[in-house]
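A.B. asks: What follows is my_file30.cif, mmCIF, C-alpha atoms.
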data_my_file
loop_
_atom_site.label_atom_id
_atom_site.label_comp_id
_atom_site.auth_asym_id
_atom_site.auth_seq_id
_atom_site.Cartn_x
_atom_site.Cartn_y
_atom_site.Cartn_z
CA MET P 1 27.98 2.95 13.90
CA ALA P 2 26.33 6.21 12.79
CA ASP P 3 24.92 8.79 15.16
CA PHE P 4 21.14 8.98 15.38
CA ALA P 5 19.81 12.54 15.20
CA PRO P 6 17.06 13.52 17.66
CA VAL P 7 13.51 12.84 16.54
CA THR P 8 11.66 16.15 16.51
CA HIS P 9 8.22 17.08 15.22
CA ARG P 10 9.94 18.92 12.39
CA ARG P 11 11.90 15.83 11.37
CA VAL P 12 8.78 13.67 11.40
CA LEU P 13 6.86 16.19 9.31
CA LYS P 14 9.77 16.60 6.90
CA ASN P 15 9.58 12.87 6.23
CA ALA P 16 5.82 12.45 6.47
CA LEU P 17 4.30 15.38 4.60
CA PRO P 18 5.88 14.66 1.21
CA ILE P 19 4.79 11.04 1.59
CA VAL P 20 1.27 12.13 2.57
CA LEU P 21 1.09 14.30 -0.54
CA ALA P 22 2.62 11.58 -2.70
CA ASN P 23 0.32 8.87 -1.41
CA ALA P 24 -2.73 11.11 -1.64
CA THR P 25 -2.27 11.25 -5.41
CA VAL P 26 -2.81 7.48 -5.63
CA PRO P 27 -6.43 7.39 -4.37
CA ILE P 28 -7.06 10.61 -6.29
CA LEU P 29 -6.02 8.64 -9.35
CA GLY P 30 -8.40 5.85 -8.33
CA ALA P 31 -11.18 8.40 -7.94
CA VAL P 32 -10.45 9.80 -11.41
CA ASP P 33 -10.43 6.29 -12.88
CA THR P 34 -13.80 5.67 -11.30
CA GLY P 35 -15.05 9.14 -12.17
CA VAL P 36 -14.21 9.06 -15.89
CA VAL P 37 -15.90 5.70 -16.45
CA GLY P 38 -18.71 6.89 -14.19
CA GLN P 39 -19.49 9.54 -16.79
CA MET P 40 -20.64 6.69 -19.04
CA GLY P 41 -23.75 6.57 -16.85
CA ALA P 42 -23.73 2.82 -16.13
CA ALA P 43 -22.68 0.67 -13.19
CA ALA P 44 -20.86 -2.05 -15.19
CA PRO P 45 -17.81 0.01 -16.28
CA ILE P 46 -17.29 1.23 -12.69
CA GLY P 47 -17.45 -2.31 -11.40
CA ALA P 48 -15.10 -3.54 -14.14
CA VAL P 49 -12.40 -0.98 -13.37
CA GLY P 50 -12.86 -1.69 -9.67
CA ILE P 51 -12.51 -5.46 -10.03
CA GLY P 52 -9.64 -5.15 -12.53
CA ALA P 53 -7.75 -2.74 -10.31
CA ILE P 54 -8.29 -4.80 -7.17
CA ILE P 55 -7.08 -7.98 -8.91
CA LEU P 56 -3.86 -6.30 -10.04
CA SER P 57 -3.44 -4.54 -6.71
CA ALA P 58 -3.76 -7.89 -4.97
CA LEU P 59 -1.21 -9.50 -7.28
CA TYR P 60 1.23 -6.62 -7.03
CA TRP P 61 0.86 -6.10 -3.31
CA VAL P 62 1.82 -9.73 -2.80
CA PHE P 63 5.20 -8.15 -3.53
CA GLY P 64 4.53 -5.38 -1.04
CA PHE P 65 7.13 -7.07 1.12
CA LEU P 66 9.66 -5.53 -1.25
CA ARG P 67 8.74 -2.00 -0.24
CA MET P 68 8.36 -2.76 3.45
CA GLY P 69 11.26 -5.14 3.85
CA THR P 70 13.58 -2.84 1.91
CA THR P 71 12.68 0.13 4.09
CA GLY P 72 13.28 -1.74 7.33
CA LEU P 73 16.56 -3.35 6.29
CA VAL P 74 17.98 -0.26 4.57
CA SER P 75 17.08 2.06 7.45
CA GLN P 76 18.79 -0.26 9.93
CA ALA P 77 21.90 -0.55 7.74
CA HIS P 78 21.95 3.23 7.35
CA GLY P 79 21.56 3.72 11.10
CA ALA P 80 24.52 1.39 11.64
CA GLY P 81 26.64 3.34 9.10
CA GLU P 82 26.90 0.50 6.55
CA SER P 83 26.78 2.38 3.21
CA GLY P 84 27.87 -0.67 1.18
CA GLU P 85 24.95 -2.72 2.47
CA VAL P 86 22.57 0.16 1.74
CA THR P 87 23.53 0.03 -1.94
CA ALA P 88 23.53 -3.79 -2.06
CA LEU P 89 19.98 -3.82 -0.73
CA LEU P 90 18.90 -1.56 -3.60
CA MET P 91 20.28 -4.02 -6.14
CA ARG P 92 18.61 -6.98 -4.46
CA ALA P 93 15.27 -5.15 -4.41
CA LEU P 94 15.52 -4.25 -8.11
CA MET P 95 16.31 -7.82 -9.16
CA ILE P 96 13.44 -9.24 -7.10
CA GLY P 97 11.00 -6.64 -8.42
CA VAL P 98 11.75 -7.15 -12.11
CA ALA P 99 11.74 -10.94 -11.74
CA GLY P 100 8.39 -10.82 -9.92
CA GLY P 101 6.82 -8.71 -12.64
CA VAL P 102 8.00 -11.03 -15.40
CA LEU P 103 6.61 -14.01 -13.48
CA ILE P 104 3.18 -12.38 -13.22
CA MET P 105 3.16 -11.64 -16.95
CA LEU P 106 4.01 -15.26 -17.74
CA LEU P 107 1.26 -16.56 -15.46
CA GLN P 108 -1.38 -13.98 -16.39
CA ALA P 109 -3.85 -16.39 -18.03
CA LEU P 110 -3.88 -18.70 -15.02
CA LEU P 111 -4.04 -15.83 -12.53
CA PHE P 112 -6.92 -14.08 -14.27
CA ARG P 113 -8.87 -17.32 -14.63
CA GLY P 114 -8.52 -17.99 -10.93
CA ALA P 115 -9.52 -14.45 -10.01
CA PHE P 116 -12.73 -14.59 -12.05
CA LEU P 117 -13.63 -18.00 -10.67
CA LEU P 118 -13.75 -16.30 -7.28
CA SER P 119 -15.67 -13.29 -8.58
CA PRO P 120 -19.47 -13.34 -8.73
CA ALA P 121 -19.59 -10.34 -11.11
CA SER P 122 -22.00 -10.23 -14.04
CA PRO P 123 -20.81 -11.31 -17.53
CA GLU P 124 -20.73 -7.70 -18.72
CA VAL P 125 -18.53 -6.61 -15.83
CA GLU P 126 -16.19 -9.59 -16.29
CA THR P 127 -15.74 -8.95 -20.02
CA LEU P 128 -14.82 -5.31 -19.46
CA ALA P 129 -12.50 -6.23 -16.59
CA ARG P 130 -10.63 -8.73 -18.78
CA ASP P 131 -10.04 -6.02 -21.38
CA TYR P 132 -8.60 -3.81 -18.65
CA LEU P 133 -6.35 -6.51 -17.22
CA THR P 134 -4.82 -7.70 -20.49
CA ILE P 135 -3.46 -4.20 -21.11
CA ARG P 136 -2.26 -3.24 -17.65
CA ILE P 137 -0.43 -6.51 -16.93
CA TRP P 138 2.45 -5.55 -19.26
CA SER P 139 3.70 -2.92 -16.85
CA ALA P 140 4.00 -5.42 -13.97
CA PRO P 141 7.85 -5.36 -13.82
CA ALA P 142 7.87 -1.57 -13.51
CA ALA P 143 5.07 -1.49 -10.94
CA ILE P 144 6.66 -4.10 -8.68
CA ALA P 145 10.24 -2.83 -8.96
CA LEU P 146 8.94 0.58 -7.90
CA TYR P 147 8.14 -0.91 -4.50
CA GLY P 148 11.82 -1.58 -3.89
CA LEU P 149 12.96 1.80 -5.20
CA THR P 150 10.39 3.62 -3.07
CA GLY P 151 11.30 1.62 0.05
CA TRP P 152 14.97 2.46 -0.44
CA LEU P 153 14.28 6.19 -0.76
CA ILE P 154 11.97 6.22 2.28
CA ALA P 155 14.59 4.46 4.42
CA LEU P 156 17.11 7.20 3.62
CA GLU P 157 14.55 9.93 4.45
CA ARG P 158 14.43 11.09 0.84
CA ALA P 159 10.72 11.75 0.96
CA ARG P 160 10.85 14.56 -1.59
CA ALA P 161 12.06 12.12 -4.24
CA VAL P 162 9.10 9.84 -3.52
CA LEU P 163 6.79 12.82 -3.92
CA ILE P 164 8.33 13.68 -7.28
CA ILE P 165 7.85 10.12 -8.54
CA GLN P 166 4.24 9.88 -7.46
CA VAL P 167 3.21 13.32 -8.68
CA TRP P 168 4.78 12.67 -12.07
CA MET P 169 3.39 9.18 -12.48
CA ASN P 170 -0.12 9.81 -11.21
CA GLY P 171 -0.38 13.25 -12.77
CA LEU P 172 0.48 11.76 -16.16
CA ASN P 173 -1.99 8.95 -15.54
CA ILE P 174 -4.81 11.39 -14.80
CA LEU P 175 -4.09 13.46 -17.91
CA LEU P 176 -4.03 10.33 -20.06
CA ASP P 177 -7.26 9.12 -18.41
CA LEU P 178 -9.04 12.29 -19.42
CA TRP P 179 -7.64 12.20 -22.94
CA PHE P 180 -8.13 8.49 -23.66
CA VAL P 181 -11.56 8.08 -22.03
CA LEU P 182 -13.32 11.42 -22.33
CA GLY P 183 -11.47 12.71 -25.38
CA LEU P 184 -10.96 9.59 -27.51
CA GLY P 185 -13.81 7.51 -26.08
CA TRP P 186 -11.69 4.43 -25.34
CA GLY P 187 -13.68 3.59 -22.21
CA VAL P 188 -12.25 0.98 -19.82
CA GLU P 189 -9.35 0.22 -22.18
CA GLY P 190 -8.36 3.89 -22.10
CA VAL P 191 -8.01 3.75 -18.31
CA ALA P 192 -5.77 0.70 -18.65
CA PHE P 193 -3.52 2.24 -21.32
CA ALA P 194 -3.09 5.38 -19.22
CA THR P 195 -1.88 3.38 -16.22
CA PHE P 196 0.43 1.20 -18.34
CA LEU P 197 2.27 4.23 -19.73
CA ALA P 198 2.40 6.02 -16.39
CA GLU P 199 3.92 3.05 -14.53
CA TRP P 200 6.80 2.61 -16.96
CA SER P 201 7.57 6.34 -16.94
CA GLY P 202 7.49 6.36 -13.12
CA PHE P 203 9.96 3.48 -12.97
CA ALA P 204 12.39 5.29 -15.27
CA LEU P 205 12.16 8.45 -13.18
CA ALA P 206 12.76 6.51 -9.94
CA LEU P 207 15.92 4.97 -11.34
CA TRP P 208 17.18 8.42 -12.26
CA LEU P 209 16.47 9.73 -8.75
CA CYS P 210 18.50 6.83 -7.30
CA ARG P 211 21.39 7.54 -9.67
CA ASP P 212 23.80 8.42 -6.85
CA ALA P 213 23.78 4.76 -5.80
CA PHE P 214 25.00 3.78 -9.26
CA SER P 215 27.77 6.40 -9.27
CA ARG P 216 29.70 4.32 -6.70
CA PRO P 217 31.21 0.86 -7.25
CA ASP P 218 29.19 -0.67 -4.39
CA TRP P 219 26.23 -1.41 -6.67
CA ARG P 220 28.27 -4.01 -8.59
CA ASP P 221 29.93 -5.54 -5.53
CA TRP P 222 28.42 -8.91 -6.42
CA PRO P 223 29.95 -10.88 -3.51
CA ARG P 224 28.15 -8.51 -1.14
CA VAL P 225 24.94 -8.36 -3.17
CA PHE P 226 24.72 -12.16 -3.18
CA ASP P 227 26.13 -12.67 0.32
CA ARG P 228 24.43 -15.77 1.71
CA VAL P 229 23.86 -14.49 5.26
CA ARG P 230 22.36 -11.22 4.08
CA LEU P 231 20.22 -12.94 1.47
CA ILE P 232 18.83 -15.32 4.07
CA ARG P 233 18.07 -12.41 6.40
CA MET P 234 16.29 -10.54 3.60
CA ALA P 235 14.41 -13.67 2.54
CA THR P 236 13.24 -14.35 6.09
CA VAL P 237 11.94 -10.82 6.59
CA ASN P 238 10.30 -10.75 3.16
CA ARG P 239 8.72 -14.20 3.58
CA ASP P 240 6.88 -13.19 6.73
CA ILE P 241 5.79 -9.87 5.24
CA LEU P 242 4.59 -11.74 2.15
CA LEU P 243 2.43 -14.03 4.27
CA ARG P 244 1.11 -11.03 6.15
CA SER P 245 0.34 -9.25 2.87
CA LEU P 246 -1.44 -12.29 1.44
CA MET P 247 -3.72 -12.41 4.46
CA LEU P 248 -4.39 -8.67 4.30
CA GLN P 249 -5.15 -8.81 0.57
CA GLY P 250 -7.38 -11.79 1.23
CA ILE P 251 -9.52 -9.53 3.39
CA PHE P 252 -9.81 -6.76 0.79
CA VAL P 253 -10.31 -9.04 -2.22
CA SER P 254 -12.95 -11.10 -0.44
CA PHE P 255 -14.64 -7.87 0.63
CA LEU P 256 -15.01 -6.67 -2.96
CA PHE P 257 -16.03 -10.04 -4.33
CA MET P 258 -18.59 -10.67 -1.59
CA GLY P 259 -20.02 -7.22 -2.24
CA GLY P 260 -20.75 -8.39 -5.78
CA LYS P 261 -23.23 -10.89 -4.37
CA PHE P 262 -25.52 -7.96 -3.56
CA GLY P 263 -25.67 -6.88 -7.23
CA ASP P 264 -23.84 -4.53 -9.61
CA VAL P 265 -25.11 -1.41 -7.84
CA ALA P 266 -23.81 -2.55 -4.46
CA LEU P 267 -20.52 -3.56 -6.07
CA ALA P 268 -20.19 -0.14 -7.71
CA SER P 269 -21.10 1.71 -4.50
CA ASN P 270 -18.53 -0.30 -2.56
CA GLN P 271 -15.94 0.58 -5.20
CA VAL P 272 -16.78 4.27 -4.87
CA LEU P 273 -16.46 4.12 -1.08
CA MET P 274 -13.24 2.15 -1.27
CA GLN P 275 -11.71 5.30 -2.73
CA PHE P 276 -12.47 6.99 0.62
CA LEU P 277 -10.65 4.17 2.37
CA GLN P 278 -7.72 4.50 -0.02
CA ILE P 279 -7.50 8.23 0.69
CA THR P 280 -7.38 7.47 4.42
CA ALA P 281 -4.84 4.67 4.04
CA TYR P 282 -2.45 6.65 1.90
CA ALA P 283 -2.66 9.73 4.11
CA LEU P 284 -1.94 7.72 7.27
CA ASP P 285 0.77 5.77 5.49
CA GLY P 286 2.71 9.02 5.21
CA PHE P 287 3.27 8.99 8.95
CA ALA P 288 3.64 5.21 9.02
CA PHE P 289 6.38 5.40 6.38
CA ALA P 290 8.12 8.12 8.36
CA VAL P 291 8.14 6.00 11.49
CA GLU P 292 9.49 3.03 9.51
CA ALA P 293 12.63 4.97 8.58
CA LEU P 294 13.09 6.53 12.01
CA VAL P 295 12.50 3.35 14.01
CA GLY P 296 14.78 1.38 11.70
CA GLN P 297 17.59 3.92 11.99
CA ALA P 298 17.20 4.10 15.77
CA LEU P 299 17.36 0.33 15.99
CA GLY P 300 20.42 0.18 13.73
CA ALA P 301 22.11 2.79 15.95
CA ARG P 302 20.96 0.92 19.09
CA ASN P 303 19.17 4.01 20.38
CA ARG P 304 16.25 2.93 22.55
CA THR P 305 15.19 6.47 23.43
CA GLY P 306 15.16 7.44 19.78
CA LEU P 307 13.03 4.43 18.90
CA ARG P 308 10.44 5.33 21.54
CA ARG P 309 10.44 8.98 20.52
CA ALA P 310 10.01 8.08 16.84
CA ALA P 311 7.03 5.86 17.64
CA TYR P 312 5.39 8.47 19.88
CA VAL P 313 5.80 11.59 17.73
CA SER P 314 4.85 9.89 14.48
CA SER P 315 1.77 8.27 16.03
CA LEU P 316 0.67 11.58 17.51
CA TRP P 317 0.59 13.10 14.04
CA GLY P 318 -1.10 9.98 12.66
CA VAL P 319 -3.99 10.33 15.10
CA GLY P 320 -4.40 13.98 14.13
CA CYS P 321 -4.52 13.00 10.48
CA ALA P 322 -7.16 10.34 11.19
CA ILE P 323 -9.39 12.87 12.96
CA ALA P 324 -9.06 15.25 10.01
CA MET P 325 -10.07 12.48 7.57
CA THR P 326 -13.13 11.62 9.64
CA LEU P 327 -14.29 15.25 9.69
CA CYS P 328 -13.70 15.58 5.96
CA PHE P 329 -15.77 12.52 5.11
CA ALA P 330 -18.56 13.54 7.48
CA LEU P 331 -18.86 17.00 5.95
CA ALA P 332 -18.09 16.40 2.28
CA GLY P 333 -18.72 12.69 1.70
CA GLY P 334 -21.95 13.13 -0.23
CA ALA P 335 -20.45 15.72 -2.54
CA ILE P 336 -17.46 13.48 -3.26
CA ILE P 337 -19.77 10.61 -4.16
CA ASP P 338 -21.67 12.83 -6.60
CA ILE P 339 -18.43 13.82 -8.32
CA MET P 340 -17.36 10.21 -8.73
CA THR P 341 -20.49 8.86 -10.42
CA THR P 342 -23.52 10.15 -12.31
CA SER P 343 -25.54 6.99 -11.67
CA ALA P 344 -28.45 7.82 -9.37
CA GLU P 345 -28.63 4.26 -8.07
CA VAL P 346 -24.95 4.14 -7.18
CA ARG P 347 -25.12 7.56 -5.52
CA THR P 348 -28.01 6.47 -3.31
CA ALA P 349 -26.37 3.21 -2.31
CA ALA P 350 -23.01 4.84 -1.58
CA ARG P 351 -24.65 7.39 0.71
CA GLU P 352 -26.30 4.57 2.64
CA TYR P 353 -22.93 3.03 3.48
CA LEU P 354 -21.00 6.30 3.90
CA PRO P 355 -21.10 6.26 7.75
CA TRP P 356 -18.71 3.30 7.71
CA MET P 357 -16.18 5.45 5.87
CA VAL P 358 -16.65 8.27 8.35
CA ALA P 359 -15.66 5.88 11.14
CA ALA P 360 -12.86 4.06 9.27
CA PRO P 361 -9.95 6.47 9.97
CA ILE P 362 -10.48 6.36 13.74
CA PHE P 363 -10.92 2.59 13.77
CA GLY P 364 -7.85 2.03 11.60
CA VAL P 365 -5.22 4.53 12.76
CA ALA P 366 -3.59 2.23 15.33
CA SER P 367 -3.18 -0.59 12.81
CA TRP P 368 -1.50 1.68 10.26
CA MET P 369 0.93 3.27 12.70
CA LEU P 370 1.88 0.02 14.41
CA ASP P 371 2.48 -1.58 11.02
CA GLY P 372 5.04 1.15 10.35
CA ILE P 373 6.72 0.66 13.71
CA PHE P 374 7.02 -3.10 13.26
CA ILE P 375 8.23 -2.76 9.66
CA GLY P 376 11.01 -0.40 10.71
CA ALA P 377 12.04 -2.87 13.38
CA THR P 378 11.84 -5.71 10.78
CA GLN P 379 9.74 -7.70 13.24
CA SER P 380 7.97 -9.44 10.39
CA ARG P 381 7.17 -12.61 12.29
CA GLU P 382 5.12 -10.64 14.81
CA MET P 383 3.31 -8.87 11.96
CA ARG P 384 2.54 -12.22 10.32
CA ASN P 385 1.17 -13.77 13.49
CA MET P 386 -0.95 -10.78 14.49
CA MET P 387 -2.32 -10.54 10.94
CA ALA P 388 -3.39 -14.18 11.17
CA LEU P 389 -5.38 -13.38 14.31
CA SER P 390 -6.93 -10.36 12.59
CA LEU P 391 -7.92 -12.47 9.57
CA LEU P 392 -9.63 -14.99 11.81
CA THR P 393 -11.48 -12.13 13.49
CA TYR P 394 -12.60 -10.83 10.08
CA VAL P 395 -13.85 -14.24 8.95
CA GLY P 396 -15.79 -14.69 12.15
CA SER P 397 -17.30 -11.23 11.82
CA VAL P 398 -18.35 -11.88 8.22
CA LEU P 399 -20.01 -15.16 9.14
CA ALA P 400 -21.85 -13.53 12.04
CA LEU P 401 -22.79 -10.14 10.58
CA VAL P 402 -23.36 -10.51 6.82
CA PRO P 403 -26.39 -12.83 7.19
CA LEU P 404 -27.90 -10.33 9.64
CA MET P 405 -26.90 -7.00 8.07
CA GLY P 406 -26.09 -7.71 4.42
CA ASN P 407 -23.62 -5.25 2.90
CA HIS P 408 -23.61 -3.26 6.16
CA GLY P 409 -22.34 -6.38 7.90
CA LEU P 410 -19.55 -6.66 5.35
CA TRP P 411 -18.40 -3.11 6.08
CA ALA P 412 -18.62 -3.74 9.83
CA ALA P 413 -16.43 -6.85 9.51
CA LEU P 414 -13.80 -4.87 7.62
CA LEU P 415 -13.57 -2.21 10.33
CA ILE P 416 -13.47 -4.86 13.04
CA SER P 417 -10.43 -6.37 11.33
CA PHE P 418 -8.67 -2.98 11.55
CA VAL P 419 -9.29 -2.83 15.28
CA ALA P 420 -8.09 -6.40 15.78
CA ARG P 421 -4.80 -5.67 14.00
CA GLY P 422 -4.19 -2.55 16.04
CA VAL P 423 -4.91 -4.24 19.37
CA THR P 424 -2.81 -7.34 18.71
CA LEU P 425 0.22 -5.38 17.49
CA GLY P 426 -0.14 -2.90 20.34
CA LEU P 427 0.12 -5.70 22.86
CA ARG P 428 3.41 -6.77 21.26
CA TYR P 429 5.00 -3.30 21.11
CA PRO P 430 6.84 -3.28 24.49
CA ARG P 431 9.28 -5.96 23.40
CA LEU P 432 10.42 -3.84 20.42
CA GLU P 433 12.20 -1.33 22.61
CA ALA P 434 14.36 -4.08 24.12
CA LEU P 435 15.70 -4.86 20.63
CA ALA P 436 17.63 -1.58 20.65
CA ASP P 437 19.78 -3.02 23.45
CA VAL P 438 20.61 -6.21 21.53
CA LYS P 439 24.16 -6.46 20.22
CA ASN P 440 24.29 -6.21 16.40
CA ASP P 441 26.10 -9.03 14.66
CA THR P 442 25.83 -8.33 10.92
CA ASP P 443 26.29 -4.81 9.63
CA GLY P 444 23.75 -3.18 11.86
CA ILE P 445 21.06 -5.83 11.46
CA PRO P 446 19.81 -7.01 14.87
CA THR P 447 19.41 -10.72 15.25
#
As C-alpha cells, what does this structure read like?
C.D. replies:
Amino acid sequence: MADFAPVTHRRVLKNALPIVLANATVPILGAVDTGVVGQMGAAAPIGAVGIGAIILSALYWVFGFLRMGTTGLVSQAHGAGESGEVTALLMRALMIGVAGGVLIMLLQALLFRGAFLLSPASPEVETLARDYLTIRIWSAPAAIALYGLTGWLIALERARAVLIIQVWMNGLNILLDLWFVLGLGWGVEGVAFATFLAEWSGFALALWLCRDAFSRPDWRDWPRVFDRVRLIRMATVNRDILLRSLMLQGIFVSFLFMGGKFGDVALASNQVLMQFLQITAYALDGFAFAVEALVGQALGARNRTGLRRAAYVSSLWGVGCAIAMTLCFALAGGAIIDIMTTSAEVRTAAREYLPWMVAAPIFGVASWMLDGIFIGATQSREMRNMMALSLLTYVGSVLALVPLMGNHGLWAALLISFVARGVTLGLRYPRLEALADVKNDTDGIPT
C-alpha cells in the first residue's frame, strides 16, 4: 500500500488550478460558438447551435460515468500502490469510450428523431440544428474516449496534461470557428466542422500524453484487463453513475426544451445565459476534480485523516471560487451578454433573467464539491439515490413555479435542484469517512 502525502493548500491548488483553466476554455468555446453565429443578427442560428450542442452534450455525457468512474477507481488503485490495475483501468476506459461513440454514430437517426420529438423549436431552428448534428456526430468516438483519458490523468494528479489537451483542442476549435463562420461564411455548419476537427485532434494528443502507460507491458495484460471481479466492480460503479448522469441531463435538457415554449427569443436568451452556468460549472469542477483524486487516493491508502483534509481544503477553495463567479456576473454580466449576441431582443431578455445566474454559483457550490467527494470515494449508489431525490424536487418545482412565473419559474426550479443535490449528499457525507477504515479486499478497492 502506497503512502498518502499530506493534503496541503498548495497540493490542492496544484491539482485544481490547471483544471480550472482547462475547464474554463470549454464554456469560452461555447460562448464563441454562440457569439459567432450571433453576429448573423438572428435568433434562429443561436437557438440551433444551442439545441444541437445540448443534444450531443446529453448523449455524450450519458458516458460521463467513464470520466468519473475512471477517476475514482484509478485514484484508489494508485493510493493502494497497484500500478498494474492503474494501467488496466486505462485500457478498459478506452475500449468503452470508442465502443460508445461507434454505437451513437450507428443510432444517430433514431436518436436525433427522438430528440426533436421532444423539442418544441421552430422549423427554422430544427433544420439548422440537424445540419449541425449530422456533422458533429462523426467525432463521437473521440469525444467519449476523451472522458476516460481525462479521468485517468486527473486520478494520477497530472492536471497539467489535462490543461494541455483542453487548451489545444478548444483553442483550435475557436480559431476554426472564426475562420469557418466569419471568414468563409459557413454559418452553423462551420461551427460543427470546427468542433469535429478539434475533438479528433484532442483525442490524438491525449493518447500521446498517456504514452508512458503504453511503454510498459501492463497495458496488454489481457487477463487483468478482462478480470471478471474488476470488470464487475467497474460496471457497478459506472452503472450507478450512468443513472445519475441520465437524471442530471434530464434536468438540463428539459430546461432548454421547456424554454423553447416561450418562443425563439426566450430560447436564445436561455442559451446565452447557460454559458454563464457553464463557466461556473467548469470553474468549480476544477476543485471538484482535485478532491476526486485526493479522496480516492486517501481511501485507497486507508487514510481517514487525509480524506477529511482533502474534502475540507478543496471545498474551502471551491466556495471562494463560487463567490468570485457571483461577483463577476453581477458586475460584468450585461457586458458579456452584449458580446455574445447583437440581437437587441435577445440582449433584453437575457438581462431580465441575469439575476438567476448571479445567484447560481452560491446555490450550486455544495452540489459540485460533494459530487467530487463521492466520485473519489466511488460511492455511486449514494450519488444515484440523492440525484433521484433532486430530480423529483426539480419536477415539483417546475410544476409549481412555471405556471406562476413563466421562464423565471424555470430558472428558479433549476437552482432549487442544485440546492437539493447539495443538501442530500451533505447529509450522507459522514459515512464516507468510515470507509477509510474498511479492510481492502481487491487491489486497493474498498468493498
A.B. asks: Counting only C-alpha atoms, figure out which residue out of P:Ile337, P:Val167, P:Ala155, P:Ile96 gets nearest to Ser75 in chain P.
C.D. replies: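 When distances to Ser75 in chain P are compared using only C-alpha atoms, the smallest one comes from P:Ala155.
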A.B. asks: Restricting the calculation to all atoms listed in the file, which member of P:Met258, P:Ile174, P:Leu146, P:Met68 is positioned closest to Ser245 in chain P?
C.D. replies: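 Of P:Met258, P:Ile174, P:Leu146, P:Met68, the one nearest Ser245 in chain P, counting all atoms listed in the file, is P:Met68.
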A.B. asks: Calculated over all atoms listed in the file, which of the candidates P:Leu354, P:Leu432, P:Leu90, P:Ala359 has the smallest distance to Asp218 in chain P?
C.D. replies: P:Leu90
A.B. asks: Need the shell around range 76-87 of chain P: protein/DNA/RNA residues with any atom at most 9 Å away, counting all atoms listed in the file. Skip same-chain ones fewer than 2 positions apart. Format as a PyMOL selection string?
C.D. replies: chain P and resi 1-4+71-74+89-92+152+155-156+213-214+216+218-219+221+224-225+293-302+376-378+440+443-446
A.B. asks: I need the output of the PyMOL selection byres ((chain P and resi 115) around 12) for this file as a ChimeraX atom specification; which residues are they?
C.D. replies: /P:51-56,58-59,108-114,116-121,126,129-130,133,250,253-254,256-257
